[in-house]
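Coordinates from data-v4.txt are shown below (compact mmCIF, N, CA and C atoms).
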```
# COMPACT_ATOMS: atom_id res chain seq x y z
N MET F 1 33.88 9.79 44.63
CA MET F 1 34.93 10.57 45.23
C MET F 1 34.89 12.03 44.74
N LYS F 2 34.59 12.20 43.43
CA LYS F 2 34.54 13.55 42.88
C LYS F 2 33.42 14.37 43.52
N GLY F 3 32.34 13.70 43.89
CA GLY F 3 31.24 14.39 44.56
C GLY F 3 31.66 14.93 45.91
N LEU F 4 32.42 14.15 46.66
CA LEU F 4 32.90 14.61 47.97
C LEU F 4 33.89 15.76 47.82
N LYS F 5 34.76 15.67 46.82
CA LYS F 5 35.71 16.76 46.58
C LYS F 5 34.98 18.05 46.22
N LEU F 6 33.97 17.93 45.37
CA LEU F 6 33.23 19.11 44.96
C LEU F 6 32.42 19.68 46.12
N LEU F 7 31.90 18.81 46.98
CA LEU F 7 31.19 19.28 48.16
C LEU F 7 32.13 20.02 49.11
N ALA F 8 33.33 19.48 49.27
CA ALA F 8 34.33 20.17 50.10
C ALA F 8 34.70 21.52 49.48
N TRP F 9 34.81 21.57 48.16
CA TRP F 9 35.10 22.83 47.48
C TRP F 9 33.96 23.83 47.67
N ALA F 10 32.73 23.35 47.66
CA ALA F 10 31.58 24.24 47.89
C ALA F 10 31.62 24.82 49.29
N PHE F 11 31.99 23.99 50.29
CA PHE F 11 32.11 24.50 51.65
C PHE F 11 33.24 25.52 51.77
N PHE F 12 34.34 25.27 51.07
CA PHE F 12 35.45 26.23 51.07
C PHE F 12 35.02 27.55 50.43
N LEU F 13 34.31 27.47 49.32
CA LEU F 13 33.83 28.69 48.67
C LEU F 13 32.82 29.43 49.54
N LYS F 14 32.04 28.70 50.32
CA LYS F 14 31.11 29.33 51.26
C LYS F 14 31.88 30.13 52.30
N ALA F 15 33.01 29.57 52.78
CA ALA F 15 33.85 30.30 53.73
C ALA F 15 34.48 31.53 53.07
N VAL F 16 34.88 31.40 51.81
CA VAL F 16 35.43 32.54 51.08
C VAL F 16 34.37 33.62 50.91
N LEU F 17 33.14 33.22 50.62
CA LEU F 17 32.03 34.17 50.50
C LEU F 17 31.79 34.90 51.80
N TRP F 18 31.80 34.17 52.91
CA TRP F 18 31.63 34.79 54.22
C TRP F 18 32.75 35.80 54.49
N ALA F 19 33.99 35.42 54.21
CA ALA F 19 35.13 36.32 54.43
C ALA F 19 35.05 37.53 53.50
N PHE F 20 34.62 37.32 52.27
CA PHE F 20 34.47 38.41 51.31
C PHE F 20 33.46 39.44 51.82
N ARG F 21 32.31 38.94 52.27
CA ARG F 21 31.28 39.86 52.79
C ARG F 21 31.78 40.61 54.02
N LYS F 22 32.46 39.89 54.90
CA LYS F 22 32.98 40.52 56.13
C LYS F 22 34.00 41.61 55.78
N LEU F 23 34.88 41.31 54.84
CA LEU F 23 35.92 42.27 54.47
C LEU F 23 35.36 43.46 53.71
N VAL F 24 34.61 43.18 52.65
CA VAL F 24 34.16 44.26 51.77
C VAL F 24 33.08 45.11 52.43
N TYR F 25 32.06 44.47 52.97
CA TYR F 25 30.95 45.23 53.53
C TYR F 25 31.20 45.67 54.97
N GLY F 26 31.98 44.89 55.70
CA GLY F 26 32.24 45.22 57.10
C GLY F 26 33.43 46.15 57.27
N LYS F 27 34.59 45.69 56.85
CA LYS F 27 35.82 46.44 57.10
C LYS F 27 36.01 47.62 56.13
N LEU F 28 35.75 47.38 54.84
CA LEU F 28 35.95 48.46 53.87
C LEU F 28 34.77 49.43 53.81
N GLY F 29 33.63 49.01 54.31
CA GLY F 29 32.48 49.90 54.39
C GLY F 29 31.75 50.13 53.08
N VAL F 30 31.89 49.21 52.14
CA VAL F 30 31.16 49.33 50.87
C VAL F 30 29.69 49.04 51.13
N THR F 31 28.83 49.86 50.62
CA THR F 31 27.39 49.69 50.80
C THR F 31 26.92 48.55 49.90
N PRO F 32 26.15 47.59 50.43
CA PRO F 32 25.59 46.54 49.57
C PRO F 32 24.73 47.16 48.47
N LEU F 33 24.70 46.52 47.32
CA LEU F 33 24.03 47.08 46.16
C LEU F 33 22.55 47.33 46.41
N ILE F 34 21.87 46.42 47.08
CA ILE F 34 20.45 46.59 47.33
C ILE F 34 20.19 47.80 48.23
N VAL F 35 21.06 48.02 49.19
CA VAL F 35 20.90 49.18 50.08
C VAL F 35 21.14 50.47 49.31
N ALA F 36 22.19 50.49 48.49
CA ALA F 36 22.48 51.69 47.69
C ALA F 36 21.35 51.98 46.71
N PHE F 37 20.78 50.93 46.12
CA PHE F 37 19.69 51.11 45.18
C PHE F 37 18.43 51.62 45.88
N GLU F 38 18.12 51.04 47.03
CA GLU F 38 16.93 51.49 47.78
C GLU F 38 17.10 52.93 48.25
N ARG F 39 18.31 53.29 48.65
CA ARG F 39 18.56 54.68 49.06
C ARG F 39 18.40 55.62 47.87
N PHE F 40 18.85 55.19 46.70
CA PHE F 40 18.71 56.02 45.50
C PHE F 40 17.25 56.19 45.13
N VAL F 41 16.46 55.12 45.22
CA VAL F 41 15.05 55.19 44.86
C VAL F 41 14.27 56.04 45.85
N SER F 42 14.52 55.84 47.14
CA SER F 42 13.72 56.55 48.14
C SER F 42 14.13 58.01 48.31
N GLU F 43 15.43 58.27 48.33
CA GLU F 43 15.90 59.63 48.58
C GLU F 43 16.31 60.39 47.32
N GLY F 44 16.53 59.68 46.24
CA GLY F 44 16.96 60.30 45.00
C GLY F 44 18.40 60.77 45.03
N VAL F 45 19.18 60.26 45.95
CA VAL F 45 20.58 60.65 46.09
C VAL F 45 21.44 59.66 45.32
N ALA F 46 22.21 60.18 44.37
CA ALA F 46 23.11 59.32 43.60
C ALA F 46 24.24 58.84 44.50
N PRO F 47 24.57 57.54 44.46
CA PRO F 47 25.56 57.00 45.37
C PRO F 47 27.01 57.38 45.04
N GLY F 48 27.29 57.84 43.85
CA GLY F 48 28.64 58.26 43.49
C GLY F 48 29.61 57.12 43.37
N ALA F 49 30.83 57.34 43.84
CA ALA F 49 31.88 56.32 43.70
C ALA F 49 31.57 55.08 44.52
N MET F 50 30.92 55.25 45.66
CA MET F 50 30.58 54.09 46.48
C MET F 50 29.57 53.20 45.76
N GLY F 51 28.73 53.79 44.93
CA GLY F 51 27.79 52.99 44.13
C GLY F 51 28.50 52.13 43.11
N SER F 52 29.56 52.66 42.51
CA SER F 52 30.35 51.87 41.58
C SER F 52 31.04 50.72 42.29
N LEU F 53 31.55 50.97 43.47
CA LEU F 53 32.16 49.90 44.26
C LEU F 53 31.12 48.86 44.65
N SER F 54 29.89 49.31 44.92
CA SER F 54 28.82 48.38 45.25
C SER F 54 28.53 47.43 44.09
N ILE F 55 28.54 47.97 42.88
CA ILE F 55 28.27 47.15 41.69
C ILE F 55 29.37 46.12 41.50
N VAL F 56 30.61 46.53 41.63
CA VAL F 56 31.75 45.61 41.46
C VAL F 56 31.74 44.54 42.55
N ALA F 57 31.51 44.95 43.79
CA ALA F 57 31.47 43.99 44.90
C ALA F 57 30.32 43.01 44.72
N ASN F 58 29.17 43.51 44.26
CA ASN F 58 28.02 42.63 44.04
C ASN F 58 28.31 41.62 42.95
N PHE F 59 29.03 42.01 41.90
CA PHE F 59 29.38 41.09 40.82
C PHE F 59 30.18 39.90 41.35
N PHE F 60 31.22 40.18 42.13
CA PHE F 60 32.04 39.10 42.67
C PHE F 60 31.27 38.27 43.70
N GLU F 61 30.41 38.93 44.45
CA GLU F 61 29.58 38.20 45.42
C GLU F 61 28.63 37.25 44.70
N GLN F 62 28.03 37.69 43.61
CA GLN F 62 27.11 36.84 42.86
C GLN F 62 27.83 35.66 42.22
N ILE F 63 29.06 35.87 41.75
CA ILE F 63 29.84 34.75 41.21
C ILE F 63 30.06 33.70 42.30
N LEU F 64 30.42 34.15 43.49
CA LEU F 64 30.65 33.21 44.59
C LEU F 64 29.36 32.49 45.00
N ILE F 65 28.26 33.21 45.06
CA ILE F 65 26.98 32.60 45.43
C ILE F 65 26.58 31.53 44.42
N LEU F 66 26.69 31.85 43.13
CA LEU F 66 26.35 30.88 42.10
C LEU F 66 27.27 29.67 42.15
N ALA F 67 28.55 29.90 42.41
CA ALA F 67 29.49 28.78 42.49
C ALA F 67 29.17 27.88 43.68
N VAL F 68 28.85 28.47 44.83
CA VAL F 68 28.55 27.66 46.02
C VAL F 68 27.32 26.80 45.78
N TRP F 69 26.23 27.42 45.34
CA TRP F 69 25.00 26.66 45.14
C TRP F 69 25.12 25.67 43.99
N GLY F 70 25.74 26.09 42.91
CA GLY F 70 25.90 25.18 41.77
C GLY F 70 26.76 23.98 42.12
N HIS F 71 27.86 24.20 42.82
CA HIS F 71 28.74 23.10 43.20
C HIS F 71 28.05 22.16 44.19
N ALA F 72 27.26 22.71 45.11
CA ALA F 72 26.54 21.86 46.06
C ALA F 72 25.52 20.98 45.35
N ILE F 73 24.82 21.53 44.39
CA ILE F 73 23.82 20.75 43.64
C ILE F 73 24.49 19.70 42.78
N VAL F 74 25.55 20.06 42.07
CA VAL F 74 26.25 19.10 41.22
C VAL F 74 26.91 18.02 42.08
N ALA F 75 27.45 18.39 43.24
CA ALA F 75 28.06 17.40 44.14
C ALA F 75 27.00 16.42 44.63
N THR F 76 25.81 16.90 44.94
CA THR F 76 24.73 16.01 45.36
C THR F 76 24.35 15.05 44.24
N GLY F 77 24.28 15.57 43.02
CA GLY F 77 23.99 14.70 41.88
C GLY F 77 25.09 13.67 41.65
N ARG F 78 26.34 14.08 41.82
CA ARG F 78 27.44 13.13 41.67
C ARG F 78 27.41 12.06 42.75
N LEU F 79 27.08 12.46 43.97
CA LEU F 79 26.98 11.47 45.04
C LEU F 79 25.83 10.50 44.80
N ALA F 80 24.82 10.94 44.07
CA ALA F 80 23.70 10.07 43.72
C ALA F 80 24.02 9.16 42.54
N GLY F 81 25.18 9.36 41.91
CA GLY F 81 25.59 8.46 40.84
C GLY F 81 25.51 9.04 39.44
N PHE F 82 25.16 10.29 39.29
CA PHE F 82 25.08 10.90 37.97
C PHE F 82 26.42 11.55 37.62
N ARG F 83 26.79 11.50 36.35
CA ARG F 83 28.04 12.13 35.91
C ARG F 83 27.71 13.53 35.41
N LEU F 84 27.67 14.47 36.30
CA LEU F 84 27.37 15.87 35.96
C LEU F 84 28.64 16.67 35.84
N LEU F 85 28.63 17.63 34.93
CA LEU F 85 29.75 18.56 34.81
C LEU F 85 29.59 19.67 35.83
N ARG F 86 30.70 20.31 36.15
CA ARG F 86 30.65 21.41 37.12
C ARG F 86 29.85 22.57 36.55
N ASN F 87 29.12 23.25 37.41
CA ASN F 87 28.28 24.36 37.00
C ASN F 87 29.11 25.60 36.69
N THR F 88 30.05 25.94 37.55
CA THR F 88 30.89 27.13 37.39
C THR F 88 32.35 26.66 37.41
N TRP F 89 33.12 27.07 36.40
CA TRP F 89 34.50 26.63 36.35
C TRP F 89 35.38 27.78 35.90
N ARG F 90 36.10 28.40 36.84
CA ARG F 90 37.07 29.45 36.61
C ARG F 90 36.57 30.53 35.63
N PRO F 91 35.47 31.19 35.95
CA PRO F 91 34.94 32.19 35.00
C PRO F 91 35.86 33.39 34.81
N LEU F 92 36.63 33.75 35.81
CA LEU F 92 37.49 34.92 35.69
C LEU F 92 38.77 34.63 34.91
N ALA F 93 39.01 33.37 34.55
CA ALA F 93 40.17 33.01 33.75
C ALA F 93 39.86 33.02 32.25
N SER F 94 38.63 33.34 31.89
CA SER F 94 38.25 33.34 30.47
C SER F 94 38.86 34.54 29.75
N ARG F 95 39.03 34.37 28.46
CA ARG F 95 39.66 35.42 27.64
C ARG F 95 38.66 36.22 26.82
N THR F 96 37.47 35.69 26.61
CA THR F 96 36.45 36.41 25.85
C THR F 96 35.17 36.48 26.68
N LEU F 97 34.28 37.35 26.24
CA LEU F 97 33.01 37.51 26.94
C LEU F 97 32.15 36.26 26.79
N ALA F 98 32.13 35.65 25.61
CA ALA F 98 31.35 34.43 25.40
C ALA F 98 31.89 33.30 26.26
N GLU F 99 33.20 33.18 26.34
CA GLU F 99 33.80 32.15 27.18
C GLU F 99 33.49 32.38 28.66
N PHE F 100 33.44 33.64 29.07
CA PHE F 100 33.07 33.95 30.46
C PHE F 100 31.69 33.41 30.78
N TRP F 101 30.71 33.68 29.93
CA TRP F 101 29.35 33.23 30.21
C TRP F 101 29.23 31.72 30.11
N ASN F 102 30.04 31.08 29.28
CA ASN F 102 30.04 29.62 29.23
C ASN F 102 30.59 29.03 30.53
N ARG F 103 31.58 29.68 31.11
CA ARG F 103 32.18 29.19 32.35
C ARG F 103 31.38 29.63 33.58
N TYR F 104 30.66 30.73 33.47
CA TYR F 104 29.93 31.29 34.61
C TYR F 104 28.76 30.40 35.01
N PHE F 105 27.99 29.96 34.05
CA PHE F 105 26.79 29.18 34.34
C PHE F 105 26.59 28.17 33.23
N TYR F 106 27.26 27.02 33.32
CA TYR F 106 27.31 26.04 32.25
C TYR F 106 25.94 25.51 31.88
N TYR F 107 25.14 25.14 32.84
CA TYR F 107 23.87 24.50 32.53
C TYR F 107 22.85 25.46 31.93
N PHE F 108 22.93 26.74 32.24
CA PHE F 108 22.06 27.72 31.59
C PHE F 108 22.39 27.79 30.10
N LYS F 109 23.67 27.74 29.77
CA LYS F 109 24.09 27.75 28.36
C LYS F 109 23.56 26.52 27.66
N GLU F 110 23.63 25.37 28.30
CA GLU F 110 23.13 24.14 27.70
C GLU F 110 21.62 24.20 27.47
N ILE F 111 20.89 24.77 28.41
CA ILE F 111 19.44 24.92 28.24
C ILE F 111 19.16 25.82 27.04
N MET F 112 19.88 26.93 26.94
CA MET F 112 19.67 27.85 25.81
C MET F 112 19.98 27.18 24.48
N VAL F 113 21.02 26.37 24.43
CA VAL F 113 21.36 25.69 23.18
C VAL F 113 20.26 24.73 22.79
N HIS F 114 19.73 23.97 23.74
CA HIS F 114 18.69 22.99 23.42
C HIS F 114 17.34 23.65 23.11
N VAL F 115 17.06 24.78 23.73
CA VAL F 115 15.77 25.44 23.48
C VAL F 115 15.78 26.18 22.14
N TYR F 116 16.84 26.92 21.85
CA TYR F 116 16.84 27.79 20.68
C TYR F 116 17.50 27.19 19.45
N PHE F 117 18.28 26.15 19.61
CA PHE F 117 18.94 25.58 18.43
C PHE F 117 18.54 24.15 18.32
```
Output the file's structure as structure tokens, nothing else.
Amino acid sequence: MKGLKLLAWAFFLKAVLWAFRKLVYGKLGVTPLIVAFERFVSEGVAPGAMGSLSIVANFFEQILILAVWGHAIVATGRLAGFRLLRNTWRPLASRTLAEFWNRYFYYFKEIMVHVYF
């Protein structure tokens, strides 16, 4: 049952990602980060304030992308019968930087702990 709930949550987050892109890049006119970077490299024109907005928008977009893909993969594993923990869990509710990265990408942290410690 938890796998189905997480899969439904992944689909909901996918819709939120679509709405985020439509609002930020379409309606507000923020330049996507890759476009701003390519324009800076090719023309040498600093993007200014819009470049800062591109970085902030890209950060939130990447959080949503990681959450959608991570939840879909974990939901598939749960439906297959494995007891997996969620990949991304409320990263913006963290109080410290270390806690943010633990919540942002759980399995990457686990890999780092097992490899280096």
task: Do a neighbour search on F:Tyr106 at 9 Å with only C-alpha atoms, toss out local chain neighbours closer than 5 positions, and write the hits as a PyMOL selection string.
output: chain F and resi 85-89+101+111
message: Going by DSSP on the backbone, which residues of stretch 14-65 of chain F come out as helix (DSSP H, G or I)? List them as a count of residues only.
response: 42
task: To one decimal in Å, tell me the separation between atom CA of F:Leu64 and atom CA of F:Leu92.
output: 11.4 Å
Could you pull the residues within 8 Å of stretch 8-24 of chain F, counting all atoms listed in the file, minus those fewer than 2 positions along the same chain, as a tab-separated table (two decimals) with N, CA and C atoms, keeping the file's coordinate frame?
```tsv
chain	number	residue	atom	x	y	z
F	2	LYS	N	34.59	12.20	43.43
F	2	LYS	CA	34.54	13.55	42.88
F	2	LYS	C	33.42	14.37	43.52
F	3	GLY	N	32.34	13.70	43.89
F	3	GLY	CA	31.24	14.39	44.56
F	3	GLY	C	31.66	14.93	45.91
F	4	LEU	N	32.42	14.15	46.66
F	4	LEU	CA	32.90	14.61	47.97
F	4	LEU	C	33.89	15.76	47.82
F	5	LYS	N	34.76	15.67	46.82
F	5	LYS	CA	35.71	16.76	46.58
F	5	LYS	C	34.98	18.05	46.22
F	6	LEU	N	33.97	17.93	45.37
F	6	LEU	CA	33.23	19.11	44.96
F	6	LEU	C	32.42	19.68	46.12
F	26	GLY	N	31.98	44.89	55.70
F	26	GLY	CA	32.24	45.22	57.10
F	26	GLY	C	33.43	46.15	57.27
F	27	LYS	N	34.59	45.69	56.85
F	27	LYS	CA	35.82	46.44	57.10
F	27	LYS	C	36.01	47.62	56.13
F	28	LEU	N	35.75	47.38	54.84
F	28	LEU	CA	35.95	48.46	53.87
F	28	LEU	C	34.77	49.43	53.81
F	29	GLY	N	33.63	49.01	54.31
F	29	GLY	CA	32.48	49.90	54.39
F	29	GLY	C	31.75	50.13	53.08
F	30	VAL	N	31.89	49.21	52.14
F	30	VAL	CA	31.16	49.33	50.87
F	30	VAL	C	29.69	49.04	51.13
F	31	THR	N	28.83	49.86	50.62
F	31	THR	CA	27.39	49.69	50.80
F	31	THR	C	26.92	48.55	49.90
F	32	PRO	N	26.15	47.59	50.43
F	32	PRO	CA	25.59	46.54	49.57
F	32	PRO	C	24.73	47.16	48.47
F	57	ALA	N	31.51	44.95	43.79
F	57	ALA	CA	31.47	43.99	44.90
F	57	ALA	C	30.32	43.01	44.72
F	60	PHE	N	31.22	40.18	42.13
F	60	PHE	CA	32.04	39.10	42.67
F	60	PHE	C	31.27	38.27	43.70
F	61	GLU	N	30.41	38.93	44.45
F	61	GLU	CA	29.58	38.20	45.42
F	61	GLU	C	28.63	37.25	44.70
F	64	LEU	N	30.42	34.15	43.49
F	64	LEU	CA	30.65	33.21	44.59
F	64	LEU	C	29.36	32.49	45.00
F	65	ILE	N	28.26	33.21	45.06
F	65	ILE	CA	26.98	32.60	45.43
F	65	ILE	C	26.58	31.53	44.42
F	67	ALA	N	28.55	29.90	42.41
F	67	ALA	CA	29.49	28.78	42.49
F	67	ALA	C	29.17	27.88	43.68
F	68	VAL	N	28.85	28.47	44.83
F	68	VAL	CA	28.55	27.66	46.02
F	68	VAL	C	27.32	26.80	45.78
F	69	TRP	N	26.23	27.42	45.34
F	69	TRP	CA	25.00	26.66	45.14
F	69	TRP	C	25.12	25.67	43.99
F	70	GLY	N	25.74	26.09	42.91
F	70	GLY	CA	25.90	25.18	41.77
F	70	GLY	C	26.76	23.98	42.12
F	71	HIS	N	27.86	24.20	42.82
F	71	HIS	CA	28.74	23.10	43.20
F	71	HIS	C	28.05	22.16	44.19
F	72	ALA	N	27.26	22.71	45.11
F	72	ALA	CA	26.54	21.86	46.06
F	72	ALA	C	25.52	20.98	45.35
F	75	ALA	N	27.45	18.39	43.24
F	75	ALA	CA	28.06	17.40	44.14
F	75	ALA	C	27.00	16.42	44.63
```
Computed interatomic separation between atom C of F:Ser54 and atom CA of F:Phe37 (Å):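 Here the two named atoms are 9.6 Å from each other.
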- request: May I ask for the distance between atom C of F:Met50 and atom N of F:Asn102, given in Å to one decimal place?
  value: 27.6 Å
